[in-house]
file my_file-v2.csv (CSV, C-alpha atoms)
chain,number,residue,atom,x,y,z
F,1,MET,CA,-17.2,21.7,-3.3
F,2,SER,CA,-14.0,21.0,-1.3
F,3,GLU,CA,-11.6,19.1,-3.4
F,4,SER,CA,-9.1,18.8,-0.6
F,5,LEU,CA,-11.7,17.1,1.6
F,6,VAL,CA,-12.6,14.6,-1.2
F,7,VAL,CA,-8.9,13.9,-1.9
F,8,ALA,CA,-8.3,13.3,1.9
F,9,VAL,CA,-11.3,10.8,2.1
F,10,ARG,CA,-10.2,9.0,-1.0
F,11,ALA,CA,-6.6,8.9,0.2
F,12,VAL,CA,-7.7,7.2,3.5
F,13,MET,CA,-9.7,4.6,1.5
F,14,ALA,CA,-6.9,3.9,-0.9
F,15,PHE,CA,-4.3,3.8,1.9
F,16,PHE,CA,-6.1,1.2,4.0
F,17,THR,CA,-7.3,-0.8,1.0
F,18,LEU,CA,-3.7,-1.0,-0.2
F,19,LEU,CA,-2.5,-1.9,3.2
F,20,ILE,CA,-5.0,-4.7,3.5
F,21,MET,CA,-4.4,-6.0,0.0
F,22,THR,CA,-0.6,-6.0,0.4
F,23,ARG,CA,-0.9,-8.0,3.6
F,24,LEU,CA,-3.1,-10.5,1.7
F,25,LEU,CA,-0.3,-10.9,-0.9
F,26,GLY,CA,2.2,-12.3,1.7
F,27,LYS,CA,5.5,-11.3,3.0
F,28,LYS,CA,7.8,-11.5,0.0
F,29,GLN,CA,10.6,-9.0,0.1
F,30,LEU,CA,11.2,-6.7,-2.8
F,31,SER,CA,14.4,-8.6,-3.6
F,32,GLN,CA,12.3,-11.8,-3.9
F,33,LEU,CA,9.8,-10.5,-6.3
F,34,THR,CA,9.7,-11.7,-9.9
F,35,PHE,CA,9.7,-9.1,-12.6
F,36,PHE,CA,5.9,-9.6,-13.1
F,37,GLU,CA,5.2,-9.2,-9.4
F,38,TYR,CA,7.2,-6.0,-9.5
F,39,ILE,CA,5.1,-4.7,-12.3
F,40,ILE,CA,1.9,-5.7,-10.4
F,41,GLY,CA,3.2,-3.7,-7.5
F,42,ILE,CA,3.8,-0.6,-9.7
F,43,THR,CA,0.4,-1.0,-11.3
F,44,VAL,CA,-1.5,-1.4,-8.0
F,45,GLY,CA,0.3,1.7,-6.6
F,46,SER,CA,-0.6,3.6,-9.7
F,47,ILE,CA,-4.3,2.7,-9.4
F,48,ALA,CA,-4.2,3.7,-5.8
F,49,SER,CA,-2.7,7.1,-6.6
F,50,SER,CA,-5.3,7.7,-9.4
F,51,MET,CA,-8.1,6.8,-7.0
F,52,THR,CA,-6.8,9.4,-4.6
F,53,VAL,CA,-6.2,12.4,-6.9
F,54,ASP,CA,-8.1,11.8,-10.1
F,55,LEU,CA,-11.4,13.5,-9.2
F,56,THR,CA,-12.6,13.4,-12.8
F,57,SER,CA,-13.6,9.9,-12.3
F,58,GLN,CA,-15.5,8.1,-9.5
F,59,ALA,CA,-13.4,6.4,-6.8
F,60,LEU,CA,-15.4,3.1,-7.1
F,61,PRO,CA,-14.0,1.9,-10.5
F,62,HIS,CA,-10.4,2.6,-9.3
F,63,TRP,CA,-11.2,0.7,-6.1
F,64,ILE,CA,-12.6,-2.2,-8.0
F,65,GLY,CA,-9.6,-2.2,-10.3
F,66,LEU,CA,-7.3,-2.2,-7.3
F,67,ILE,CA,-9.0,-5.2,-5.7
F,68,VAL,CA,-9.2,-7.2,-9.0
F,69,TRP,CA,-5.5,-6.7,-9.7
F,70,VAL,CA,-4.5,-7.8,-6.1
F,71,PHE,CA,-7.0,-10.7,-6.3
F,72,LEU,CA,-5.4,-11.9,-9.6
F,73,ALA,CA,-2.0,-11.6,-8.1
F,74,TRP,CA,-3.1,-13.6,-5.1
F,75,VAL,CA,-4.7,-16.3,-7.4
F,76,LEU,CA,-1.4,-16.5,-9.3
F,77,GLU,CA,0.5,-16.9,-6.0
F,78,ILE,CA,-1.8,-19.7,-5.0
F,79,ILE,CA,-1.4,-21.4,-8.4
F,80,THR,CA,2.4,-21.2,-8.3
F,81,LEU,CA,2.3,-22.7,-4.8
F,82,ARG,CA,0.2,-25.6,-5.8
F,83,SER,CA,1.5,-26.4,-9.3
F,84,ARG,CA,5.2,-26.6,-10.1
F,85,TYR,CA,4.5,-26.8,-13.8
F,86,LEU,CA,2.6,-23.5,-13.7
F,87,ALA,CA,5.1,-22.0,-11.4
F,88,LYS,CA,7.8,-22.7,-14.0
F,89,LEU,CA,5.6,-21.3,-16.7
F,90,LEU,CA,4.6,-18.2,-14.8
F,91,ASP,CA,7.8,-17.4,-12.8
F,92,GLY,CA,10.4,-19.0,-15.0
F,93,GLU,CA,13.4,-20.9,-13.6
F,94,PRO,CA,16.9,-20.0,-12.3
F,95,VAL,CA,19.5,-20.0,-15.1
F,96,VAL,CA,23.1,-21.0,-14.7
F,97,LEU,CA,25.4,-18.2,-16.0
F,98,ILE,CA,28.8,-19.5,-14.8
F,99,HIS,CA,29.8,-23.1,-14.4
F,100,ASN,CA,33.3,-24.0,-13.2
F,101,GLY,CA,34.6,-20.6,-14.0
F,102,LYS,CA,33.3,-20.7,-17.5
F,103,ILE,CA,30.7,-18.0,-18.6
F,104,LEU,CA,27.8,-19.6,-20.4
F,105,GLU,CA,27.3,-17.1,-23.2
F,106,ARG,CA,24.1,-18.7,-24.6
F,107,ASN,CA,22.4,-18.6,-21.2
F,108,LEU,CA,23.6,-15.0,-20.7
F,109,ALA,CA,22.1,-13.9,-24.0
F,110,GLY,CA,18.9,-15.9,-23.4
F,111,THR,CA,18.3,-13.9,-20.2
F,112,ARG,CA,19.2,-10.6,-21.8
F,113,PHE,CA,21.9,-10.2,-19.1
F,114,ARG,CA,24.9,-8.2,-20.2
F,115,MET,CA,28.4,-9.1,-19.2
F,116,ALA,CA,28.7,-5.8,-17.3
F,117,ASP,CA,25.6,-6.7,-15.3
F,118,LEU,CA,27.0,-10.1,-14.4
F,119,MET,CA,30.4,-8.6,-13.3
F,120,GLU,CA,28.5,-6.0,-11.2
F,121,GLN,CA,26.5,-8.7,-9.5
F,122,LEU,CA,29.7,-10.8,-8.9
F,123,ARG,CA,31.5,-7.8,-7.4
F,124,GLN,CA,28.6,-7.1,-5.1
F,125,ARG,CA,29.2,-10.6,-3.8
F,126,SER,CA,33.0,-9.9,-3.3
F,127,VAL,CA,33.9,-11.9,-6.4
F,128,PHE,CA,36.2,-10.0,-8.8
F,129,ASN,CA,37.3,-12.9,-11.0
F,130,PRO,CA,34.8,-15.2,-12.8
F,131,ALA,CA,37.5,-17.9,-12.5
F,132,ASP,CA,36.8,-18.1,-8.8
F,133,VAL,CA,33.2,-19.0,-9.4
F,134,GLU,CA,32.0,-22.6,-9.3
F,135,PHE,CA,28.4,-21.6,-10.0
F,136,ALA,CA,26.7,-18.3,-10.7
F,137,ILE,CA,22.9,-18.7,-11.0
F,138,LEU,CA,20.5,-16.0,-12.1
F,139,GLU,CA,17.4,-16.3,-9.9
F,140,THR,CA,13.9,-15.5,-11.1
F,141,GLY,CA,13.9,-12.3,-9.1
F,142,GLY,CA,16.9,-11.0,-11.0
F,143,GLN,CA,19.6,-11.6,-8.4
F,144,VAL,CA,22.7,-13.7,-9.0
F,145,SER,CA,23.6,-16.3,-6.5
F,146,VAL,CA,27.2,-17.2,-6.4
F,147,LEU,CA,28.9,-20.4,-5.1
F,148,LYS,CA,32.7,-19.8,-5.1
F,149,LYS,CA,35.1,-22.7,-5.8
F,150,ALA,CA,35.9,-24.6,-2.7
F,151,ASP,CA,39.5,-23.4,-2.5
F,152,ARG,CA,38.3,-19.8,-2.7
F,153,GLU,CA,35.9,-20.0,0.2
F,154,PRO,CA,37.0,-18.7,3.6
F,155,VAL,CA,38.1,-21.3,6.2
F,156,THR,CA,35.4,-22.2,8.7
F,157,PRO,CA,35.7,-23.8,12.2
F,158,ARG,CA,34.4,-27.0,10.7
F,159,ASP,CA,37.3,-27.1,8.2
F,160,LEU,CA,39.7,-26.9,11.1
F,161,ASN,CA,37.7,-29.2,13.3
F,162,ILE,CA,37.4,-26.6,16.0
F,163,PRO,CA,34.4,-27.2,18.3
F,164,VAL,CA,32.0,-24.2,18.6
F,165,GLN,CA,29.2,-23.4,21.0
F,166,TYR,CA,25.7,-23.4,19.8
F,167,ALA,CA,24.5,-19.8,19.0
F,168,GLY,CA,20.8,-19.3,18.5
F,169,ILE,CA,18.6,-16.2,18.4
F,170,PRO,CA,18.9,-13.9,21.5
F,171,THR,CA,15.7,-13.3,23.4
F,172,GLU,CA,14.8,-9.7,23.8
F,173,LEU,CA,14.0,-8.8,27.4
F,174,ILE,CA,13.8,-5.0,27.3
F,175,VAL,CA,13.0,-2.8,24.3
F,176,ASP,CA,12.8,1.0,24.7
F,177,GLY,CA,12.7,0.7,28.5
F,178,GLU,CA,9.7,-1.7,28.5
F,179,VAL,CA,10.2,-5.2,29.9
F,180,ILE,CA,8.8,-7.9,27.7
F,181,ASP,CA,7.3,-10.4,30.2
F,182,GLN,CA,6.2,-12.8,27.5
F,183,ASN,CA,9.9,-13.4,26.5
F,184,LEU,CA,11.0,-13.6,30.1
F,185,GLN,CA,8.4,-16.4,30.6
F,186,GLN,CA,9.7,-18.2,27.5
F,187,VAL,CA,13.2,-18.5,29.0
F,188,ASN,CA,11.8,-19.5,32.4
F,189,LEU,CA,12.9,-16.3,34.1
F,190,ASP,CA,11.1,-13.4,35.9
F,191,ARG,CA,11.3,-9.7,36.6
F,192,ASN,CA,13.2,-10.3,39.9
F,193,TRP,CA,16.0,-12.0,38.1
F,194,LEU,CA,16.1,-9.3,35.4
F,195,LEU,CA,16.1,-6.5,38.0
F,196,GLY,CA,18.9,-8.3,39.9
F,197,GLU,CA,21.0,-8.5,36.8
F,198,LEU,CA,20.4,-4.8,36.0
F,199,ALA,CA,21.3,-4.0,39.6
F,200,LYS,CA,24.7,-5.8,39.1
F,201,LEU,CA,25.3,-3.3,36.3
F,202,GLY,CA,24.3,-0.3,38.6
F,203,LEU,CA,20.9,0.1,37.0
F,204,THR,CA,17.9,0.7,39.2
F,205,ASP,CA,15.1,0.9,36.6
F,206,PRO,CA,14.4,-0.9,33.3
F,207,LYS,CA,13.5,2.5,32.0
F,208,GLN,CA,17.2,3.3,31.9
F,209,VAL,CA,17.7,0.4,29.4
F,210,MET,CA,17.2,0.9,25.7
F,211,TYR,CA,17.7,-2.7,24.8
F,212,ALA,CA,18.5,-5.9,26.6
F,213,ALA,CA,18.7,-9.4,25.3
F,214,LEU,CA,19.7,-12.8,26.6
F,215,ASP,CA,21.8,-15.0,24.2
F,216,THR,CA,21.6,-18.8,24.1
F,217,SER,CA,24.8,-19.1,26.2
F,218,GLY,CA,23.0,-17.2,29.0
F,219,LYS,CA,24.9,-14.0,28.6
F,220,LEU,CA,22.8,-10.8,29.1
F,221,TYR,CA,23.5,-7.9,26.7
F,222,VAL,CA,22.4,-4.5,28.0
F,223,ASP,CA,22.5,-1.2,26.2
F,224,THR,CA,21.5,1.9,28.3
F,225,TYR,CA,20.2,5.2,27.1
F,226,HIS,CA,23.2,6.9,28.8
F,227,ASP,CA,26.2,5.7,26.8
F,228,ARG,CA,29.4,6.1,28.9
F,229,LEU,CA,31.8,6.3,26.0
F,230,GLY,CA,34.1,8.9,27.5
F,231,ASN,CA,35.4,11.9,25.6
F,232,PRO,CA,36.1,12.3,22.8
F,233,THR,CA,34.0,9.8,20.9
F,234,VAL,CA,34.8,8.6,17.4
F,235,ASP,CA,33.7,11.1,14.8
F,236,ILE,CA,33.2,9.5,11.4
F,237,SER,CA,31.9,12.7,9.7
F,238,ASP,CA,34.3,13.9,7.0
F,239,TYR,CA,32.8,17.3,6.3
F,240,GLN,CA,31.5,20.2,8.3
F,241,GLY,CA,27.8,20.8,8.4
F,242,PRO,CA,24.6,19.6,10.1
F,243,ASN,CA,24.5,15.9,11.1
R,1,MET,CA,-8.6,-18.3,16.6
R,2,TRP,CA,-10.9,-15.5,17.9
R,3,GLN,CA,-8.2,-13.0,17.2
R,4,ARG,CA,-8.0,-14.1,13.6
R,5,LEU,CA,-11.7,-13.9,13.3
R,6,ALA,CA,-11.8,-10.4,14.8
R,7,VAL,CA,-9.1,-9.3,12.4
R,8,GLY,CA,-11.0,-10.8,9.5
R,9,LEU,CA,-14.2,-9.0,10.6
R,10,VAL,CA,-12.4,-5.7,10.9
R,11,ILE,CA,-11.0,-6.1,7.4
R,12,PHE,CA,-14.4,-7.1,6.0
R,13,PHE,CA,-16.2,-4.2,7.6
R,14,THR,CA,-13.5,-1.7,6.6
R,15,LEU,CA,-13.7,-2.7,3.0
R,16,ALA,CA,-17.5,-2.8,3.2
R,17,LEU,CA,-17.5,0.7,4.7
R,18,PHE,CA,-15.4,2.0,1.8
R,19,PHE,CA,-17.7,0.4,-0.7
R,20,VAL,CA,-20.7,2.0,1.0
R,21,ILE,CA,-19.0,5.4,1.0
R,22,MET,CA,-18.2,5.0,-2.7
R,23,VAL,CA,-21.8,4.1,-3.8
R,24,SER,CA,-23.5,6.4,-1.3
R,25,GLY,CA,-24.2,9.1,-3.9
R,26,ALA,CA,-27.2,7.2,-5.3
R,27,TYR,CA,-28.8,7.4,-1.8
R,28,LEU,CA,-27.5,10.8,-0.7
R,29,LYS,CA,-28.9,12.6,-3.8
R,30,ARG,CA,-32.4,11.8,-2.6
R,31,PRO,CA,-34.2,14.6,-0.8
R,32,PHE,CA,-34.0,14.6,3.0
R,33,GLY,CA,-36.0,17.8,3.6
R,34,SER,CA,-38.1,20.3,1.7
R,35,ASP,CA,-35.2,22.4,0.4
R,36,ASP,CA,-33.0,19.7,-1.2
R,37,ASP,CA,-35.5,18.1,-3.7
R,38,VAL,CA,-33.6,18.6,-6.9
R,39,VAL,CA,-35.9,16.4,-9.0
R,40,GLY,CA,-39.0,18.1,-7.7
R,41,ARG,CA,-37.5,21.6,-8.5
R,42,MET,CA,-36.6,20.5,-12.0
R,43,LYS,CA,-40.2,19.4,-12.5
R,44,GLU,CA,-41.5,22.7,-11.2
R,45,VAL,CA,-39.2,24.6,-13.5
R,46,SER,CA,-40.3,22.4,-16.4
R,47,ALA,CA,-44.0,22.9,-15.7
R,48,ALA,CA,-43.6,26.7,-15.4
R,49,ILE,CA,-41.8,26.8,-18.7
R,50,ASP,CA,-44.6,24.8,-20.4
R,51,LYS,CA,-47.1,27.4,-19.1
R,52,SER,CA,-44.7,30.3,-20.0
R,53,ARG,CA,-44.8,31.5,-16.4
R,54,TRP,CA,-41.3,33.0,-16.4
R,55,GLU,CA,-41.4,34.6,-13.0
R,56,GLU,CA,-42.5,31.3,-11.4
R,57,ALA,CA,-39.9,29.4,-13.4
R,58,GLU,CA,-37.1,31.8,-12.2
R,59,LYS,CA,-38.2,31.3,-8.6
R,60,ALA,CA,-38.2,27.5,-9.0
R,61,ALA,CA,-34.8,27.7,-10.7
R,62,HIS,CA,-33.4,29.6,-7.7
R,63,LYS,CA,-34.8,26.9,-5.4
R,64,LEU,CA,-33.2,24.3,-7.7
R,65,ASP,CA,-29.8,26.1,-7.3
R,66,VAL,CA,-30.2,26.0,-3.5
R,67,ALA,CA,-31.2,22.4,-3.5
R,68,TRP,CA,-28.3,21.5,-5.8
R,69,LYS,CA,-25.7,23.2,-3.6
R,70,LYS,CA,-26.9,21.1,-0.6
R,71,VAL,CA,-27.0,17.8,-2.6
R,72,SER,CA,-23.6,18.4,-4.3
R,73,ALA,CA,-21.9,18.8,-1.0
R,74,ARG,CA,-23.3,15.4,0.1
R,75,ILE,CA,-22.4,13.4,-3.0
R,76,GLN,CA,-19.0,14.9,-3.8
R,77,ILE,CA,-17.1,12.0,-2.3
R,78,SER,CA,-18.7,9.4,-4.6
R,79,SER,CA,-19.4,11.4,-7.7
R,80,GLU,CA,-17.2,12.6,-10.6
R,81,LYS,CA,-16.1,16.1,-10.3
R,82,ASP,CA,-16.8,16.8,-14.0
R,83,GLU,CA,-20.4,15.7,-13.6
R,84,LEU,CA,-20.9,17.9,-10.5
R,85,LEU,CA,-19.4,20.9,-12.4
R,86,LYS,CA,-21.6,20.1,-15.4
R,87,PHE,CA,-24.8,20.1,-13.4
R,88,GLY,CA,-23.9,23.3,-11.6
R,89,GLU,CA,-23.1,25.0,-14.9
R,90,SER,CA,-26.4,23.8,-16.4
R,91,VAL,CA,-28.3,25.3,-13.5
R,92,GLN,CA,-26.7,28.7,-14.1
R,93,LYS,CA,-27.4,28.5,-17.8
R,94,LEU,CA,-31.0,27.6,-17.1
R,95,LYS,CA,-31.4,30.6,-14.8
R,96,ALA,CA,-29.9,32.9,-17.5
R,97,SER,CA,-32.3,31.4,-20.2
R,98,LEU,CA,-35.3,31.9,-17.9
R,99,LYS,CA,-34.3,35.5,-17.3
R,100,ALA,CA,-34.1,36.0,-21.1
R,101,HIS,CA,-37.4,34.1,-21.5
R,102,ASP,CA,-35.6,31.8,-23.9
R,103,ARG,CA,-37.8,28.8,-24.0
R,104,GLY,CA,-35.7,26.7,-26.4
R,105,ASN,CA,-32.5,27.0,-24.3
R,106,ALA,CA,-34.3,26.6,-21.1
R,107,LEU,CA,-35.8,23.3,-22.2
R,108,LEU,CA,-32.4,22.2,-23.5
R,109,GLU,CA,-30.8,22.9,-20.1
R,110,ILE,CA,-33.6,21.0,-18.4
R,111,ALA,CA,-32.9,18.0,-20.6
R,112,VAL,CA,-29.1,18.2,-19.9
R,113,LEU,CA,-29.9,18.5,-16.1
R,114,ARG,CA,-32.1,15.4,-16.2
R,115,SER,CA,-29.5,13.4,-18.1
R,116,THR,CA,-26.6,14.5,-15.8
R,117,TRP,CA,-28.7,13.8,-12.7
R,118,GLY,CA,-29.1,10.2,-13.9
R,119,GLU,CA,-25.4,9.9,-14.3
R,120,LEU,CA,-24.7,11.1,-10.7
R,121,ARG,CA,-23.9,8.3,-8.3

call {"tool": "encode", "arguments": {"input": "my_file-v2.csv", "output": "structure tokens"}}
result
Amino acid sequence: MSESLVVAVRAVMAFFTLLIMTRLLGKKQLSQLTFFEYIIGITVGSIASSMTVDLTSQALPHWIGLIVWVFLAWVLEIITLRSRYLAKLLDGEPVVLIHNGKILERNLAGTRFRMADLMEQLRQRSVFNPADVEFAILETGGQVSVLKKADREPVTPRDLNIPVQYAGIPTELIVDGEVIDQNLQQVNLDRNWLLGELAKLGLTDPKQVMYAALDTSGKLYVDTYHDRLGNPTVDISDYQGPN
Amino acid sequence: MWQRLAVGLVIFFTLALFFVIMVSGAYLKRPFGSDDDVVGRMKEVSAAIDKSRWEEAEKAAHKLDVAWKKVSARIQISSEKDELLKFGESVQKLKASLKAHDRGNALLEIAVLRSTWGELR
């Protein structure tokens, strides 16, 4: 009996089942998960690992367990999408922790959030004084959203009535030396135009380009594989040793 | 539309394939030739013990061991390792009991083998 072979086959089955199931659960990032969803993730991962290496039991019960857990998580996701009442019941609601610079101790205690945790979260958002905060809200995923008082916010062009140009998402035209024709068509351009632009920069082949993108103002950004930075380049390493 | 359907079918067939692999033991433990009939060999051993034909029983037990090695290799993916080890151990105990002409222990091991065989999936 080859245990290694059995583990390898079980690992392939667990891996792809987990991949399919997690895709089914949507695209929520780790930071957006509620505590319960986080626990579901840990449990499902644990079941997958047991299915792989626990040869004292059949793979099938683990596999069924994995699928049932993900199915239940998916059902909960659908329920919370359809019913706001149940979403509140299952996921909870955001809680205000600071209002107009005043820390709401009762809410803090109710969420089992320590003052040190709150200050840490504020510092991570570049706020070092609770007096600067208009609202600090503990989200259901455990992060604290902070709205600074209006007079503590940085000045924006709008505040100064300065007109700005529209800036949208740049369109990638070359990635890893490969021209993306689909994106070229989307911006009503073709390869001839792109090759002409590259030629202006002294480049004869798109393969020389690591990344090229066209921004919404029509400016082409090009990064080549050969970086002509001159010598010496900036060295940010602060200790000898392998990089 | 067609792409989504194709992806859906690939996912369905992948999960179905995994399921089939995991329940394949029940099918793969059946005999596919003359030298991998575990149930048939167990019956042979049992019949020989009943008639106290020890030499014949030993030969049948040896064939049972050979058959088991073939079948265990086929069902190892879907079966519990402990059950596989238990069955293999019982076969060895049976062989030792037959060598010692120990009817009681031989019948006991045959009973264990039958019960374990039923558990194997």

call {"tool": "atom_distance", "arguments": {"input": "my_file-v2.csv", "atom1": "atom CA of F:Glu153", "atom2": "atom CA of F:Leu108"}}
result
24.8 Å

call {"tool": "residues_around", "arguments": {"input": "my_file-v2.csv", "residues": "F:Val53", "least_positions_apart": "3", "cutoff": "8 Å", "atoms": "all atoms listed in the file", "output": "list in words"}}
result
Val7, Arg10, Ala11, Ser49 and Ser50 of chain F

call {"tool": "interface_residues", "arguments": {"input": "my_file-v2.csv", "of": "chain F", "to": "chain R", "cutoff": "12 Å", "atoms": "only C-alpha atoms", "output": "count of residues only"}}
result
38

call {"tool": "residues_near_point", "arguments": {"input": "my_file-v2.csv", "point": "(21.7, -7.7, 33.1)", "cutoff": "10 Å", "atoms": "all atoms listed in the file", "output": "MDAnalysis selection string"}}
result
chainID F and resid 173 193:203 206 209 212:214 219:223

call {"tool": "atom_distance", "arguments": {"input": "my_file-v2.csv", "atom1": "atom CA of R:Asp102", "atom2": "atom CA of R:Lys70"}}
result
27.1 Å

call {"tool": "atom_distance", "arguments": {"input": "my_file-v2.csv", "atom1": "atom CA of F:Arg112", "atom2": "atom CA of F:Leu76"}}
result
24.8 Å

call {"tool": "closest_residue", "arguments": {"input": "my_file-v2.csv", "among": "R:Val91, R:Trp54, R:Leu107, R:Tyr27", "to": "R:Val66", "atoms": "only C-alpha atoms"}}
result
R:Val91

call {"tool": "build_atoms", "arguments": {"input": "my_file-v2.csv", "residues": "stretch 4-16 of chain R", "atoms": "N, CA, C and O atoms", "output": "mmCIF file, in the coordinates of the input"}}
result
data_model
loop_
_atom_site.group_PDB
_atom_site.id
_atom_site.type_symbol
_atom_site.label_atom_id
_atom_site.label_comp_id
_atom_site.auth_asym_id
_atom_site.auth_seq_id
_atom_site.Cartn_x
_atom_site.Cartn_y
_atom_site.Cartn_z
ATOM 1 N N ARG R 4 -7.944 -14.037 15.037
ATOM 2 C CA ARG R 4 -8.000 -14.100 13.600
ATOM 3 C C ARG R 4 -9.324 -13.714 13.020
ATOM 4 O O ARG R 4 -9.438 -12.984 12.038
ATOM 5 N N LEU R 5 -10.361 -14.235 13.711
ATOM 6 C CA LEU R 5 -11.700 -13.900 13.300
ATOM 7 C C LEU R 5 -12.016 -12.445 13.437
ATOM 8 O O LEU R 5 -12.601 -11.813 12.536
ATOM 9 N N ALA R 6 -11.553 -11.875 14.565
ATOM 10 C CA ALA R 6 -11.800 -10.400 14.800
ATOM 11 C C ALA R 6 -11.068 -9.607 13.747
ATOM 12 O O ALA R 6 -11.653 -8.657 13.202
ATOM 13 N N VAL R 7 -9.822 -9.991 13.418
ATOM 14 C CA VAL R 7 -9.100 -9.300 12.400
ATOM 15 C C VAL R 7 -9.798 -9.358 11.042
ATOM 16 O O VAL R 7 -9.957 -8.370 10.323
ATOM 17 N N GLY R 8 -10.265 -10.579 10.739
ATOM 18 C CA GLY R 8 -11.000 -10.800 9.500
ATOM 19 C C GLY R 8 -12.257 -9.928 9.415
ATOM 20 O O GLY R 8 -12.547 -9.329 8.378
ATOM 21 N N LEU R 9 -12.968 -9.846 10.538
ATOM 22 C CA LEU R 9 -14.200 -9.000 10.600
ATOM 23 C C LEU R 9 -13.879 -7.547 10.399
ATOM 24 O O LEU R 9 -14.585 -6.843 9.681
ATOM 25 N N VAL R 10 -12.807 -7.104 11.063
ATOM 26 C CA VAL R 10 -12.400 -5.700 10.900
ATOM 27 C C VAL R 10 -12.088 -5.363 9.480
ATOM 28 O O VAL R 10 -12.538 -4.348 8.936
ATOM 29 N N ILE R 11 -11.339 -6.279 8.842
ATOM 30 C CA ILE R 11 -11.000 -6.100 7.400
ATOM 31 C C ILE R 11 -12.237 -6.035 6.563
ATOM 32 O O ILE R 11 -12.417 -5.140 5.734
ATOM 33 N N PHE R 12 -13.128 -6.994 6.806
ATOM 34 C CA PHE R 12 -14.400 -7.100 6.000
ATOM 35 C C PHE R 12 -15.182 -5.797 6.150
ATOM 36 O O PHE R 12 -15.624 -5.200 5.161
ATOM 37 N N PHE R 13 -15.367 -5.365 7.405
ATOM 38 C CA PHE R 13 -16.200 -4.200 7.600
ATOM 39 C C PHE R 13 -15.531 -2.904 7.125
ATOM 40 O O PHE R 13 -16.216 -1.989 6.672
ATOM 41 N N THR R 14 -14.198 -2.869 7.181
ATOM 42 C CA THR R 14 -13.500 -1.700 6.600
ATOM 43 C C THR R 14 -13.735 -1.585 5.137
ATOM 44 O O THR R 14 -14.106 -0.522 4.631
ATOM 45 N N LEU R 15 -13.537 -2.726 4.438
ATOM 46 C CA LEU R 15 -13.700 -2.700 3.000
ATOM 47 C C LEU R 15 -15.198 -2.445 2.637
ATOM 48 O O LEU R 15 -15.502 -1.719 1.693
ATOM 49 N N ALA R 16 -16.106 -3.014 3.454
ATOM 50 C CA ALA R 16 -17.500 -2.800 3.200
ATOM 51 C C ALA R 16 -17.888 -1.318 3.410
ATOM 52 O O ALA R 16 -18.657 -0.738 2.626
#
